[in-house]
>>> print(open('data-v5.cif').read())   # mmCIF, C-alpha atoms
data_data
loop_
_atom_site.group_PDB
_atom_site.id
_atom_site.type_symbol
_atom_site.label_atom_id
_atom_site.label_comp_id
_atom_site.auth_asym_id
_atom_site.auth_seq_id
_atom_site.Cartn_x
_atom_site.Cartn_y
_atom_site.Cartn_z
ATOM 1 C CA MET F 1 0.000 0.000 0.000
ATOM 2 C CA LYS F 2 1.633 3.231 -1.180
ATOM 3 C CA PRO F 3 0.734 6.582 0.372
ATOM 4 C CA VAL F 4 -1.839 8.690 -1.465
ATOM 5 C CA LEU F 5 -0.258 11.877 -2.810
ATOM 6 C CA LEU F 6 -2.366 14.998 -2.458
ATOM 7 C CA PRO F 7 -1.599 18.517 -3.679
ATOM 8 C CA LEU F 8 0.241 20.507 -1.008
ATOM 9 C CA ALA F 9 -2.649 22.951 -0.723
ATOM 10 C CA ALA F 10 -4.956 20.048 0.061
ATOM 11 C CA VAL F 11 -2.607 18.855 2.801
ATOM 12 C CA VAL F 12 -2.592 22.295 4.385
ATOM 13 C CA GLY F 13 -6.371 22.368 4.322
ATOM 14 C CA LEU F 14 -6.659 18.820 5.643
ATOM 15 C CA LEU F 15 -4.472 19.692 8.620
ATOM 16 C CA GLY F 16 -6.447 22.807 9.502
ATOM 17 C CA CYS F 17 -3.651 25.250 8.683
ATOM 18 C CA SER F 18 -6.007 28.195 8.221
ATOM 19 C CA SER F 19 -7.451 28.232 11.741
ATOM 20 C CA PRO F 20 -7.237 31.624 13.509
ATOM 21 C CA ALA F 21 -4.847 32.173 16.416
ATOM 22 C CA GLU F 22 -7.576 32.571 18.985
ATOM 23 C CA ASP F 23 -8.804 29.043 18.298
ATOM 24 C CA THR F 24 -5.463 27.307 18.566
ATOM 25 C CA PRO F 25 -4.940 24.542 21.161
ATOM 26 C CA GLY F 26 -2.929 25.603 24.168
ATOM 27 C CA ASN F 27 -3.414 29.269 23.275
ATOM 28 C CA PRO F 28 -6.474 30.476 25.212
ATOM 29 C CA GLY F 29 -7.384 34.121 24.746
ATOM 30 C CA GLY F 30 -5.092 34.531 21.763
ATOM 31 C CA GLU F 31 -1.898 34.899 23.852
ATOM 32 C CA PRO F 32 1.393 34.715 21.929
ATOM 33 C CA VAL F 33 2.145 31.104 21.106
ATOM 34 C CA ALA F 34 5.858 31.430 21.869
ATOM 35 C CA ALA F 35 5.086 32.251 25.488
ATOM 36 C CA ALA F 36 3.921 28.702 26.095
ATOM 37 C CA LEU F 37 7.457 27.436 25.526
ATOM 38 C CA GLU F 38 8.149 28.575 29.087
ATOM 39 C CA LEU F 39 5.931 25.741 30.271
ATOM 40 C CA PRO F 40 7.913 22.829 31.739
ATOM 41 C CA VAL F 41 8.610 19.765 29.607
ATOM 42 C CA GLY F 42 5.715 17.319 29.995
ATOM 43 C CA HIS F 43 3.132 20.018 30.751
ATOM 44 C CA PRO F 44 -0.165 18.946 29.091
ATOM 45 C CA ASP F 45 -0.420 22.199 27.118
ATOM 46 C CA ARG F 46 3.161 22.173 25.871
ATOM 47 C CA THR F 47 2.849 19.525 23.149
ATOM 48 C CA ALA F 48 -0.253 21.137 21.660
ATOM 49 C CA THR F 49 1.416 24.543 21.714
ATOM 50 C CA GLU F 50 4.565 23.259 20.036
ATOM 51 C CA LEU F 51 2.390 21.639 17.361
ATOM 52 C CA GLU F 52 0.677 24.979 16.794
ATOM 53 C CA ILE F 53 4.036 26.741 16.431
ATOM 54 C CA ALA F 54 5.197 24.116 13.916
ATOM 55 C CA ARG F 55 1.902 24.362 12.027
ATOM 56 C CA ARG F 56 2.228 28.128 11.676
ATOM 57 C CA GLU F 57 5.845 27.860 10.537
ATOM 58 C CA PHE F 58 4.851 25.264 7.945
ATOM 59 C CA GLU F 59 1.988 27.451 6.751
ATOM 60 C CA LYS F 60 4.380 30.378 6.299
ATOM 61 C CA ASN F 61 7.040 28.230 4.588
ATOM 62 C CA PRO F 62 5.239 25.271 2.956
ATOM 63 C CA THR F 63 8.215 24.400 0.730
ATOM 64 C CA ASP F 64 10.820 24.508 3.515
ATOM 65 C CA GLU F 65 12.237 21.062 4.321
ATOM 66 C CA LEU F 66 12.859 21.714 8.017
ATOM 67 C CA ALA F 67 9.433 23.287 8.512
ATOM 68 C CA ALA F 68 7.864 20.117 7.067
ATOM 69 C CA ILE F 69 10.046 17.853 9.224
ATOM 70 C CA TRP F 70 9.099 19.648 12.427
ATOM 71 C CA PHE F 71 5.422 19.835 11.548
ATOM 72 C CA GLY F 72 5.436 16.093 10.847
ATOM 73 C CA ARG F 73 7.282 15.343 14.068
ATOM 74 C CA ARG F 74 4.871 17.400 16.160
ATOM 75 C CA LEU F 75 1.881 15.734 14.501
ATOM 76 C CA ALA F 76 3.331 12.303 15.235
ATOM 77 C CA TYR F 77 3.919 13.181 18.892
ATOM 78 C CA VAL F 78 0.167 13.698 19.347
ATOM 79 C CA GLY F 79 -0.696 10.475 17.479
ATOM 80 C CA ARG F 80 -1.627 11.998 14.116
ATOM 81 C CA ILE F 81 0.585 9.550 12.242
ATOM 82 C CA GLU F 82 -1.203 9.503 8.876
ATOM 83 C CA GLU F 83 -1.116 13.283 8.681
ATOM 84 C CA ALA F 84 2.586 13.292 9.539
ATOM 85 C CA ILE F 85 3.287 10.799 6.774
ATOM 86 C CA GLU F 86 1.356 12.956 4.313
ATOM 87 C CA VAL F 87 3.392 16.022 5.245
ATOM 88 C CA TYR F 88 6.625 14.072 4.687
ATOM 89 C CA THR F 89 5.357 12.647 1.415
ATOM 90 C CA GLN F 90 4.491 16.034 -0.030
ATOM 91 C CA ALA F 91 7.753 17.554 1.179
ATOM 92 C CA PHE F 92 9.755 14.703 -0.360
ATOM 93 C CA ARG F 93 8.254 15.461 -3.762
ATOM 94 C CA GLN F 94 9.893 18.876 -3.477
ATOM 95 C CA HIS F 95 13.107 17.613 -1.826
ATOM 96 C CA PRO F 96 13.726 14.228 -3.495
ATOM 97 C CA ARG F 97 17.244 13.905 -2.083
ATOM 98 C CA SER F 98 16.290 14.508 1.536
ATOM 99 C CA ALA F 99 17.445 11.592 3.661
ATOM 100 C CA ARG F 100 15.954 13.334 6.691
ATOM 101 C CA LEU F 101 12.416 13.283 5.295
ATOM 102 C CA LEU F 102 12.743 9.588 4.482
ATOM 103 C CA ARG F 103 14.185 8.887 7.939
ATOM 104 C CA HIS F 104 11.129 10.408 9.606
ATOM 105 C CA ARG F 105 8.578 8.941 7.211
ATOM 106 C CA GLY F 106 10.179 5.512 7.574
ATOM 107 C CA HIS F 107 9.907 5.803 11.347
ATOM 108 C CA ARG F 108 6.204 6.595 11.060
ATOM 109 C CA PHE F 109 5.581 3.727 8.675
ATOM 110 C CA LEU F 110 6.948 1.542 11.477
ATOM 111 C CA SER F 111 4.388 3.170 13.803
ATOM 112 C CA GLN F 112 1.687 2.132 11.335
ATOM 113 C CA ARG F 113 3.036 -1.430 11.174
ATOM 114 C CA GLN F 114 3.846 -0.934 7.465
ATOM 115 C CA PHE F 115 7.247 -2.538 7.718
ATOM 116 C CA GLU F 116 7.992 -2.945 4.010
ATOM 117 C CA LEU F 117 7.304 0.726 3.301
ATOM 118 C CA ALA F 118 9.503 1.653 6.259
ATOM 119 C CA GLU F 119 12.297 -0.533 4.934
ATOM 120 C CA ASP F 120 12.050 1.055 1.468
ATOM 121 C CA ASP F 121 12.274 4.583 2.867
ATOM 122 C CA LEU F 122 15.096 3.876 5.270
ATOM 123 C CA ARG F 123 17.172 1.930 2.760
ATOM 124 C CA HIS F 124 16.780 4.824 0.303
ATOM 125 C CA ALA F 125 17.778 7.279 3.058
ATOM 126 C CA ALA F 126 20.905 5.242 3.812
ATOM 127 C CA ARG F 127 21.897 5.370 0.132
ATOM 128 C CA LEU F 128 21.385 9.135 0.039
ATOM 129 C CA CYS F 129 23.723 9.493 3.030
ATOM 130 C CA GLU F 130 26.614 7.598 1.479
ATOM 131 C CA GLY F 131 29.745 9.733 1.591
ATOM 132 C CA ARG F 132 28.104 12.441 3.692
ATOM 133 C CA PRO F 133 29.173 13.393 7.231
ATOM 134 C CA ASP F 134 26.760 12.460 9.995
ATOM 135 C CA GLU F 135 25.029 15.156 12.043
ATOM 136 C CA VAL F 136 23.391 15.421 15.445
ATOM 137 C CA GLU F 137 19.601 15.202 15.208
ATOM 138 C CA PRO F 138 17.748 17.792 17.331
ATOM 139 C CA ASP F 139 15.362 16.323 19.885
ATOM 140 C CA GLY F 140 11.662 16.975 19.637
ATOM 141 C CA MET F 141 11.186 15.782 23.213
ATOM 142 C CA PRO F 142 14.461 16.717 24.959
ATOM 143 C CA ASN F 143 15.919 14.793 27.876
ATOM 144 C CA ALA F 144 16.293 16.446 31.276
ATOM 145 C CA ARG F 145 19.707 17.883 30.393
ATOM 146 C CA GLY F 146 18.657 19.129 26.965
ATOM 147 C CA ARG F 147 21.454 17.186 25.258
ATOM 148 C CA PRO F 148 20.530 15.508 21.950
ATOM 149 C CA ARG F 149 21.878 11.957 21.906
ATOM 150 C CA SER F 150 21.186 10.640 18.406
ATOM 151 C CA THR F 151 22.318 11.427 14.873
ATOM 152 C CA THR F 152 20.541 11.423 11.535
ATOM 153 C CA GLN F 153 22.452 8.477 10.079
ATOM 154 C CA GLY F 154 22.381 6.606 13.364
ATOM 155 C CA ASN F 155 18.597 6.902 13.382
ATOM 156 C CA ILE F 156 18.344 5.778 9.770
ATOM 157 C CA TRP F 157 20.272 2.558 10.436
ATOM 158 C CA TYR F 158 18.550 1.991 13.789
ATOM 159 C CA HIS F 159 15.075 2.166 12.257
ATOM 160 C CA LEU F 160 16.104 0.186 9.168
ATOM 161 C CA ALA F 161 17.401 -2.571 11.441
ATOM 162 C CA LEU F 162 14.095 -2.515 13.332
ATOM 163 C CA ALA F 163 12.164 -2.829 10.077
ATOM 164 C CA HIS F 164 14.154 -5.976 9.261
ATOM 165 C CA PHE F 165 13.812 -7.345 12.803
ATOM 166 C CA LEU F 166 10.045 -6.868 12.828
ATOM 167 C CA GLN F 167 9.784 -8.737 9.510
ATOM 168 C CA GLY F 168 11.858 -11.628 10.847
ATOM 169 C CA GLU F 169 14.779 -10.777 8.532
ATOM 170 C CA PHE F 170 17.383 -11.321 11.198
ATOM 171 C CA GLU F 171 20.484 -11.561 8.980
ATOM 172 C CA SER F 172 19.653 -8.221 7.360
ATOM 173 C CA ALA F 173 18.804 -6.779 10.764
ATOM 174 C CA ALA F 174 22.189 -7.835 12.157
ATOM 175 C CA GLN F 175 24.007 -6.119 9.287
ATOM 176 C CA ALA F 176 22.049 -2.916 9.876
ATOM 177 C CA TRP F 177 22.654 -3.063 13.639
ATOM 178 C CA ARG F 178 26.386 -3.295 12.990
ATOM 179 C CA SER F 179 26.184 -0.107 10.926
ATOM 180 C CA ALA F 180 24.143 1.572 13.667
ATOM 181 C CA LEU F 181 26.677 0.446 16.298
ATOM 182 C CA ASP F 182 29.494 2.097 14.348
ATOM 183 C CA LEU F 183 27.591 5.389 14.529
ATOM 184 C CA CYS F 184 27.008 5.352 18.300
ATOM 185 C CA THR F 185 28.523 8.416 19.945
ATOM 186 C CA ASN F 186 27.359 8.061 23.563
ATOM 187 C CA ASP F 187 26.014 5.552 26.089
ATOM 188 C CA ASP F 188 22.346 6.216 25.297
ATOM 189 C CA THR F 189 22.712 5.229 21.656
ATOM 190 C CA LEU F 190 25.000 2.352 22.611
ATOM 191 C CA VAL F 191 22.455 0.720 24.925
ATOM 192 C CA ALA F 192 19.580 1.271 22.474
ATOM 193 C CA VAL F 193 21.413 -0.416 19.600
ATOM 194 C CA SER F 194 22.922 -3.126 21.831
ATOM 195 C CA HIS F 195 19.480 -4.037 23.199
ATOM 196 C CA TRP F 196 18.058 -4.887 19.775
ATOM 197 C CA TYR F 197 21.316 -6.196 18.333
ATOM 198 C CA PHE F 198 21.661 -8.662 21.222
ATOM 199 C CA MET F 199 18.128 -9.980 20.584
ATOM 200 C CA THR F 200 18.856 -10.279 16.872
ATOM 201 C CA LEU F 201 22.041 -12.258 17.504
ATOM 202 C CA ARG F 202 20.157 -14.604 19.820
ATOM 203 C CA ARG F 203 17.575 -15.204 17.091
ATOM 204 C CA LEU F 204 20.436 -16.151 14.791
ATOM 205 C CA GLY F 205 21.870 -18.552 17.363
ATOM 206 C CA GLN F 206 25.055 -16.466 17.693
ATOM 207 C CA GLU F 207 25.192 -16.642 21.469
ATOM 208 C CA MET F 208 28.918 -16.057 21.855
ATOM 209 C CA THR F 209 28.759 -12.888 19.747
ATOM 210 C CA ALA F 210 25.693 -11.730 21.684
ATOM 211 C CA THR F 211 27.467 -12.293 25.003
ATOM 212 C CA ALA F 212 30.548 -10.430 23.779
ATOM 213 C CA LEU F 213 28.347 -7.463 22.889
ATOM 214 C CA LEU F 214 27.453 -7.117 26.581
ATOM 215 C CA GLY F 215 31.079 -6.457 27.477
ATOM 216 C CA ALA F 216 30.607 -2.734 26.808
ATOM 217 C CA ILE F 217 27.578 -2.528 29.121
ATOM 218 C CA THR F 218 28.392 -1.407 32.663
ATOM 219 C CA GLU F 219 26.534 -0.155 35.723
ATOM 220 C CA ASP F 220 28.066 3.323 35.599
ATOM 221 C CA MET F 221 27.174 4.324 32.033
ATOM 222 C CA GLU F 222 25.971 7.894 31.392
ATOM 223 C CA ILE F 223 22.316 7.255 30.555
ATOM 224 C CA LEU F 224 20.113 10.309 30.048
ATOM 225 C CA GLU F 225 17.116 8.780 28.267
ATOM 226 C CA ASN F 226 17.426 5.068 27.528
ATOM 227 C CA GLY F 227 17.376 3.700 31.054
ATOM 228 C CA SER F 228 14.941 0.927 30.123
ATOM 229 C CA TYR F 229 17.317 -0.521 27.532
ATOM 230 C CA HIS F 230 20.168 -0.249 30.027
ATOM 231 C CA GLN F 231 18.256 -2.178 32.694
ATOM 232 C CA VAL F 232 17.323 -5.014 30.326
ATOM 233 C CA LEU F 233 20.937 -5.335 29.194
ATOM 234 C CA LEU F 234 22.052 -5.574 32.826
ATOM 235 C CA LEU F 235 19.466 -8.348 33.262
ATOM 236 C CA LYS F 236 21.116 -10.209 30.397
ATOM 237 C CA LYS F 237 24.461 -9.830 32.184
ATOM 238 C CA ASP F 238 22.902 -11.396 35.310
ATOM 239 C CA GLN F 239 23.292 -8.091 37.144
ATOM 240 C CA ARG F 240 19.541 -7.662 37.563
ATOM 241 C CA HIS F 241 16.627 -9.956 38.392
ATOM 242 C CA ILE F 242 13.411 -9.898 36.369
ATOM 243 C CA GLY F 243 11.489 -8.459 39.310
ATOM 244 C CA GLU F 244 13.918 -5.536 39.507
ATOM 245 C CA VAL F 245 13.558 -4.726 35.826
ATOM 246 C CA LEU F 246 9.823 -4.949 35.213
ATOM 247 C CA GLY F 247 7.681 -1.877 35.731
ATOM 248 C CA GLY F 248 8.390 1.698 34.760
ATOM 249 C CA GLU F 249 6.712 5.015 35.327
ATOM 250 C CA THR F 250 5.415 5.525 31.784
ATOM 251 C CA GLN F 251 3.692 3.329 29.228
ATOM 252 C CA LEU F 252 6.749 3.587 26.996
ATOM 253 C CA GLN F 253 9.023 2.334 29.775
ATOM 254 C CA ARG F 254 6.671 -0.517 30.688
ATOM 255 C CA GLU F 255 6.431 -1.695 27.085
ATOM 256 C CA THR F 256 10.163 -1.387 26.459
ATOM 257 C CA LEU F 257 11.058 -3.294 29.619
ATOM 258 C CA GLY F 258 8.245 -5.799 29.146
ATOM 259 C CA TYR F 259 9.226 -6.781 25.626
ATOM 260 C CA GLY F 260 12.890 -7.028 26.582
ATOM 261 C CA VAL F 261 12.052 -9.416 29.415
ATOM 262 C CA ALA F 262 9.537 -11.390 27.338
ATOM 263 C CA HIS F 263 12.101 -11.906 24.579
ATOM 264 C CA TRP F 264 14.695 -12.947 27.174
ATOM 265 C CA LEU F 265 12.275 -15.566 28.516
ATOM 266 C CA LEU F 266 11.475 -16.784 25.007
ATOM 267 C CA MET F 267 15.125 -17.229 24.124
ATOM 268 C CA ASN F 268 15.639 -19.172 27.364
ATOM 269 C CA GLY F 269 12.877 -21.652 26.588
ATOM 270 C CA GLU F 270 10.112 -20.190 28.778
ATOM 271 C CA THR F 271 7.663 -19.873 25.895
ATOM 272 C CA GLU F 272 4.380 -19.852 27.810
ATOM 273 C CA ARG F 273 5.608 -17.365 30.390
ATOM 274 C CA SER F 274 6.818 -15.181 27.546
ATOM 275 C CA ARG F 275 3.486 -15.530 25.745
ATOM 276 C CA GLU F 276 1.543 -14.278 28.758
ATOM 277 C CA MET F 277 3.827 -11.287 29.134
ATOM 278 C CA LEU F 278 3.551 -10.468 25.430
ATOM 279 C CA LYS F 279 -0.237 -10.629 25.645
ATOM 280 C CA SER F 280 -0.231 -8.182 28.551
ATOM 281 C CA LEU F 281 1.769 -5.715 26.454
ATOM 282 C CA THR F 282 -0.776 -5.700 23.630
ATOM 283 C CA THR F 283 -3.835 -4.801 25.686
ATOM 284 C CA GLY F 284 -5.089 -1.336 26.455
ATOM 285 C CA PRO F 285 -4.825 1.798 24.335
ATOM 286 C CA SER F 286 -2.966 1.500 21.054
ATOM 287 C CA SER F 287 0.692 2.415 21.338
ATOM 288 C CA ASN F 288 3.437 3.297 18.890
ATOM 289 C CA ALA F 289 6.208 2.177 21.244
ATOM 290 C CA PHE F 290 8.537 -0.293 19.562
ATOM 291 C CA GLY F 291 8.171 -2.674 22.507
ATOM 292 C CA ARG F 292 4.423 -2.829 21.902
ATOM 293 C CA ILE F 293 4.836 -3.288 18.137
ATOM 294 C CA ALA F 294 7.442 -6.017 18.626
ATOM 295 C CA ALA F 295 5.183 -7.785 21.149
ATOM 296 C CA GLU F 296 2.373 -7.871 18.570
ATOM 297 C CA VAL F 297 4.742 -9.328 15.981
ATOM 298 C CA GLU F 298 6.183 -11.852 18.437
ATOM 299 C CA LEU F 299 2.756 -13.163 19.402
ATOM 300 C CA ALA F 300 1.926 -13.714 15.733
ATOM 301 C CA ARG F 301 5.175 -15.684 15.296
ATOM 302 C CA LEU F 302 4.618 -18.021 18.240
ATOM 303 C CA PRO F 303 3.062 -21.436 17.614
ATOM 304 C CA PRO F 304 -0.384 -21.953 19.164
ATOM 305 C CA ALA F 305 -0.333 -22.597 22.887
ATOM 306 C CA ALA F 306 -0.515 -26.264 23.855
ATOM 307 C CA SER F 307 -4.044 -27.258 24.896
ATOM 308 C CA ARG F 308 -4.473 -28.333 28.506
#
>>> encode(input="data-v5.cif", output="C-alpha cells")
Amino acid sequence: MKPVLLPLAAVVGLLGCSSPAEDTPGNPGGEPVAAALELPVGHPDRTATELEIARREFEKNPTDELAAIWFGRRLAYVGRIEEAIEVYTQAFRQHPRSARLLRHRGHRFLSQRQFELAEDDLRHAARLCEGRPDEVEPDGMPNARGRPRSTTQGNIWYHLALAHFLQGEFESAAQAWRSALDLCTNDDTLVAVSHWYFMTLRRLGQEMTATALLGAITEDMEILENGSYHQVLLLKKDQRHIGEVLGGETQLQRETLGYGVAHWLLMNGETERSREMLKSLTTGPSSNAFGRIAAEVELARLPPAASR
C-alpha cells in the first residue's frame, strides 16, 4: 500500500492550517504562542502549543524542508501519524534527495506497522547518506539535560534494522545493527542499539557474539534517556533480576522493559511465560512504542499454545 499523494494545498487544508490564532490549542485568549514554551517539559499544554508553532511555521514556509520535518514530528507526537506521513510525502516530492524526510517517514511507517514501506524509505535514506558526514539530530522531546543523543544516520540505520527485525529478517537486521553500532557516539545510543542487536544475535543462534556485545555494558554508564534498555541489558548480564527490571513510570518504559524481558524468557525456553507477558503488552490503548509493536509481531510468530 503506497501513500496517497495529495496537492500541497490540500494537505494544508486537511491539517487545519487556516485556523485563527484565537482558536489554537494551548493558546487560550489569543496569547502569543511562543510564550507557552516557558511551560515545563511534559506540561499537558506544551505539546499542543509546540504543534501549533510548527503548524504556523509550515503554513508560512510550505516548501521549507525543516518546517515540514518539524510539523510532521509534532503531529506524530500527538498520534496523528497519517497526517505526519502525508506532510513528509508532499515535502519529499519537493526535496527528493532529503534523507531526513525519508528517515522520519520511515519511522512513522513503522508506527503504522507498514514494515515494508519503512524498509524502502530507510534503505533509500541510507543510500542518500553515502559519503556524507553524519550530524546530530535535534530532539523533539528533549531529555532532562537538553542534550541531543542521536544522529541522523544513526537513526536511519537503527530504524532500518528494526524494520528488518520486525519482519523476521534477522540476517539483514544484524548487518544494519552493525552499521548503527558504528555510529554510536554516547552511552544512550549504545544501549539502544545493543538491546536490539543482542536480541537479533540470539535469534540467529550467535550466542557467543551476543554475550561479547554485553562487554561494553556497565553499571556506571551515562544514561540520560534510555534507562529501560540499560536495565534489560544488565538483566542479560545477570546483574539484575526480572522483578527488579519490570515496571516503569510511563507506558513507553513498561512496554520497552516488558518486551525485553519477554524476549529474554522466550530465548531461554520459557515460551508460555513469555506468551503471557507479550499478551499483557498488547492490551489497552494502542501504542506506537517499539516494545508494543514487537510484542504484537512476536505473538503472531509463536506457535499456538498447547491445549491443557
>>> residues_around(input="data-v5.cif", residues="Arg254 in chain F", least_positions_apart="6", cutoff="12 Å", atoms="only C-alpha atoms", output="ChimeraX atom specification")
/F:227-229,231-232,245-248,260-262,277-278,280-282,287,289-292
>>> write_last_selection(input="data-v5.cif", atoms="C-alpha atoms", output="short mmCIF file (atom, residue, chain, number, x, y, z; two decimals), keeping the file's coordinate frame")
data_model
loop_
_atom_site.label_atom_id
_atom_site.label_comp_id
_atom_site.auth_asym_id
_atom_site.auth_seq_id
_atom_site.Cartn_x
_atom_site.Cartn_y
_atom_site.Cartn_z
CA GLY F 227 17.38 3.70 31.05
CA SER F 228 14.94 0.93 30.12
CA TYR F 229 17.32 -0.52 27.53
CA GLN F 231 18.26 -2.18 32.69
CA VAL F 232 17.32 -5.01 30.33
CA VAL F 245 13.56 -4.73 35.83
CA LEU F 246 9.82 -4.95 35.21
CA GLY F 247 7.68 -1.88 35.73
CA GLY F 248 8.39 1.70 34.76
CA GLY F 260 12.89 -7.03 26.58
CA VAL F 261 12.05 -9.42 29.42
CA ALA F 262 9.54 -11.39 27.34
CA MET F 277 3.83 -11.29 29.13
CA LEU F 278 3.55 -10.47 25.43
CA SER F 280 -0.23 -8.18 28.55
CA LEU F 281 1.77 -5.72 26.45
CA THR F 282 -0.78 -5.70 23.63
CA SER F 287 0.69 2.42 21.34
CA ALA F 289 6.21 2.18 21.24
CA PHE F 290 8.54 -0.29 19.56
CA GLY F 291 8.17 -2.67 22.51
CA ARG F 292 4.42 -2.83 21.90
#
>>> closest_atom_pairs(input="data-v5.cif", of="range 89-148 of chain F", to="range 68-77 of chain F", cutoff="9 Å", atoms="only C-alpha atoms", output="tab-separated table")
residue	atom	partner	partner_atom	distance
F:Gln90	CA	F:Ala68	CA	8.9
F:Ala91	CA	F:Ala68	CA	6.4
F:Arg100	CA	F:Ile69	CA	7.9
F:Leu101	CA	F:Ile69	CA	6.5
F:His104	CA	F:Ile69	CA	7.5
F:Arg105	CA	F:Gly72	CA	8.6
F:Arg108	CA	F:Ala76	CA	7.6
F:Gly140	CA	F:Arg73	CA	7.3
F:Met141	CA	F:Tyr77	CA	8.8
>>> atom_distance(input="data-v5.cif", atom1="CA of Lys236 in chain F", atom2="CA of Trp264 in chain F")
7.7 Å
>>> closest_residue(input="data-v5.cif", among="F:Leu252, F:Val87, F:Ala295, F:Ile81", to="Ser274 in chain F", atoms="all atoms listed in the file")
F:Ala295
>>> atom_distance(input="data-v5.cif", atom1="CA of Glu207 in chain F", atom2="CA of Val191 in chain F")
17.9 Å
>>> closest_residue(input="data-v5.cif", among="F:Gln175, F:Asn226, F:Thr185, F:Gln239", to="Leu201 in chain F", atoms="all atoms listed in the file")
F:Gln175
>>> resolve_selection(input="data-v5.cif", expression="the PyMOL selection byres ((chain F and resi 275) around 12)", output="ChimeraX atom specification")
/F:258-259,261-267,269-274,276-282,295-306
>>> closest_residue(input="data-v5.cif", among="F:Asn143, F:Ser98, F:Thr256, F:Gln112", to="His124 in chain F", atoms="only C-alpha atoms")
F:Ser98
>>> resolve_selection(input="data-v5.cif", expression="the PyMOL selection byres ((chain F and resi 170) around 12)", output="mmCIF file with C-alpha atoms, keeping the file's coordinate frame")
data_model
loop_
_atom_site.group_PDB
_atom_site.id
_atom_site.type_symbol
_atom_site.label_atom_id
_atom_site.label_comp_id
_atom_site.auth_asym_id
_atom_site.auth_seq_id
_atom_site.Cartn_x
_atom_site.Cartn_y
_atom_site.Cartn_z
ATOM 1 C CA LEU F 160 16.104 0.186 9.168
ATOM 2 C CA ALA F 161 17.401 -2.571 11.441
ATOM 3 C CA LEU F 162 14.095 -2.515 13.332
ATOM 4 C CA ALA F 163 12.164 -2.829 10.077
ATOM 5 C CA HIS F 164 14.154 -5.976 9.261
ATOM 6 C CA PHE F 165 13.812 -7.345 12.803
ATOM 7 C CA LEU F 166 10.045 -6.868 12.828
ATOM 8 C CA GLN F 167 9.784 -8.737 9.510
ATOM 9 C CA GLY F 168 11.858 -11.628 10.847
ATOM 10 C CA GLU F 169 14.779 -10.777 8.532
ATOM 11 C CA GLU F 171 20.484 -11.561 8.980
ATOM 12 C CA SER F 172 19.653 -8.221 7.360
ATOM 13 C CA ALA F 173 18.804 -6.779 10.764
ATOM 14 C CA ALA F 174 22.189 -7.835 12.157
ATOM 15 C CA GLN F 175 24.007 -6.119 9.287
ATOM 16 C CA ALA F 176 22.049 -2.916 9.876
ATOM 17 C CA TRP F 177 22.654 -3.063 13.639
ATOM 18 C CA TRP F 196 18.058 -4.887 19.775
ATOM 19 C CA TYR F 197 21.316 -6.196 18.333
ATOM 20 C CA PHE F 198 21.661 -8.662 21.222
ATOM 21 C CA MET F 199 18.128 -9.980 20.584
ATOM 22 C CA THR F 200 18.856 -10.279 16.872
ATOM 23 C CA LEU F 201 22.041 -12.258 17.504
ATOM 24 C CA ARG F 202 20.157 -14.604 19.820
ATOM 25 C CA ARG F 203 17.575 -15.204 17.091
ATOM 26 C CA LEU F 204 20.436 -16.151 14.791
ATOM 27 C CA GLY F 205 21.870 -18.552 17.363
ATOM 28 C CA GLN F 206 25.055 -16.466 17.693
#
>>> atom_distance(input="data-v5.cif", atom1="CA of Ala144 in chain F", atom2="CA of Ala48 in chain F")
19.7 Å
>>> residues_around(input="data-v5.cif", residues="range 146-152 of chain F", least_positions_apart="2", cutoff="8 Å", atoms="all atoms listed in the file", output="MDAnalysis selection string")
chainID F and resid 100 103 134:139 142:144 154:156 184:186 188:189
>>> write_last_selection(input="data-v5.cif", atoms="C-alpha atoms", output="PDB file, keeping the file's coordinate frame")
ATOM      1  CA  ARG F 100      15.954  13.334   6.691  1.00  0.00           C
ATOM      2  CA  ARG F 103      14.185   8.887   7.939  1.00  0.00           C
ATOM      3  CA  ASP F 134      26.760  12.460   9.995  1.00  0.00           C
ATOM      4  CA  GLU F 135      25.029  15.156  12.043  1.00  0.00           C
ATOM      5  CA  VAL F 136      23.391  15.421  15.445  1.00  0.00           C
ATOM      6  CA  GLU F 137      19.601  15.202  15.208  1.00  0.00           C
ATOM      7  CA  PRO F 138      17.748  17.792  17.331  1.00  0.00           C
ATOM      8  CA  ASP F 139      15.362  16.323  19.885  1.00  0.00           C
ATOM      9  CA  PRO F 142      14.461  16.717  24.959  1.00  0.00           C
ATOM     10  CA  ASN F 143      15.919  14.793  27.876  1.00  0.00           C
ATOM     11  CA  ALA F 144      16.293  16.446  31.276  1.00  0.00           C
ATOM     12  CA  GLY F 154      22.381   6.606  13.364  1.00  0.00           C
ATOM     13  CA  ASN F 155      18.597   6.902  13.382  1.00  0.00           C
ATOM     14  CA  ILE F 156      18.344   5.778   9.770  1.00  0.00           C
ATOM     15  CA  CYS F 184      27.008   5.352  18.300  1.00  0.00           C
ATOM     16  CA  THR F 185      28.523   8.416  19.945  1.00  0.00           C
ATOM     17  CA  ASN F 186      27.359   8.061  23.563  1.00  0.00           C
ATOM     18  CA  ASP F 188      22.346   6.216  25.297  1.00  0.00           C
ATOM     19  CA  THR F 189      22.712   5.229  21.656  1.00  0.00           C
TER      20      THR F 189
END
>>> resolve_selection(input="data-v5.cif", expression="the PyMOL selection byres ((chain F and resi 54) around 8)", output="ChimeraX atom specification")
/F:50-53,55-58,67,70-71,74
>>> axis_aligned_box(input="data-v5.cif", around="range 76-85 of chain F", padding_each_side="8 Å", output="AutoDock Vina command-line options")
--center_x 1.1 --center_y 11.6 --center_z 13.1 --size_x 21.5 --size_y 20.2 --size_z 28.6
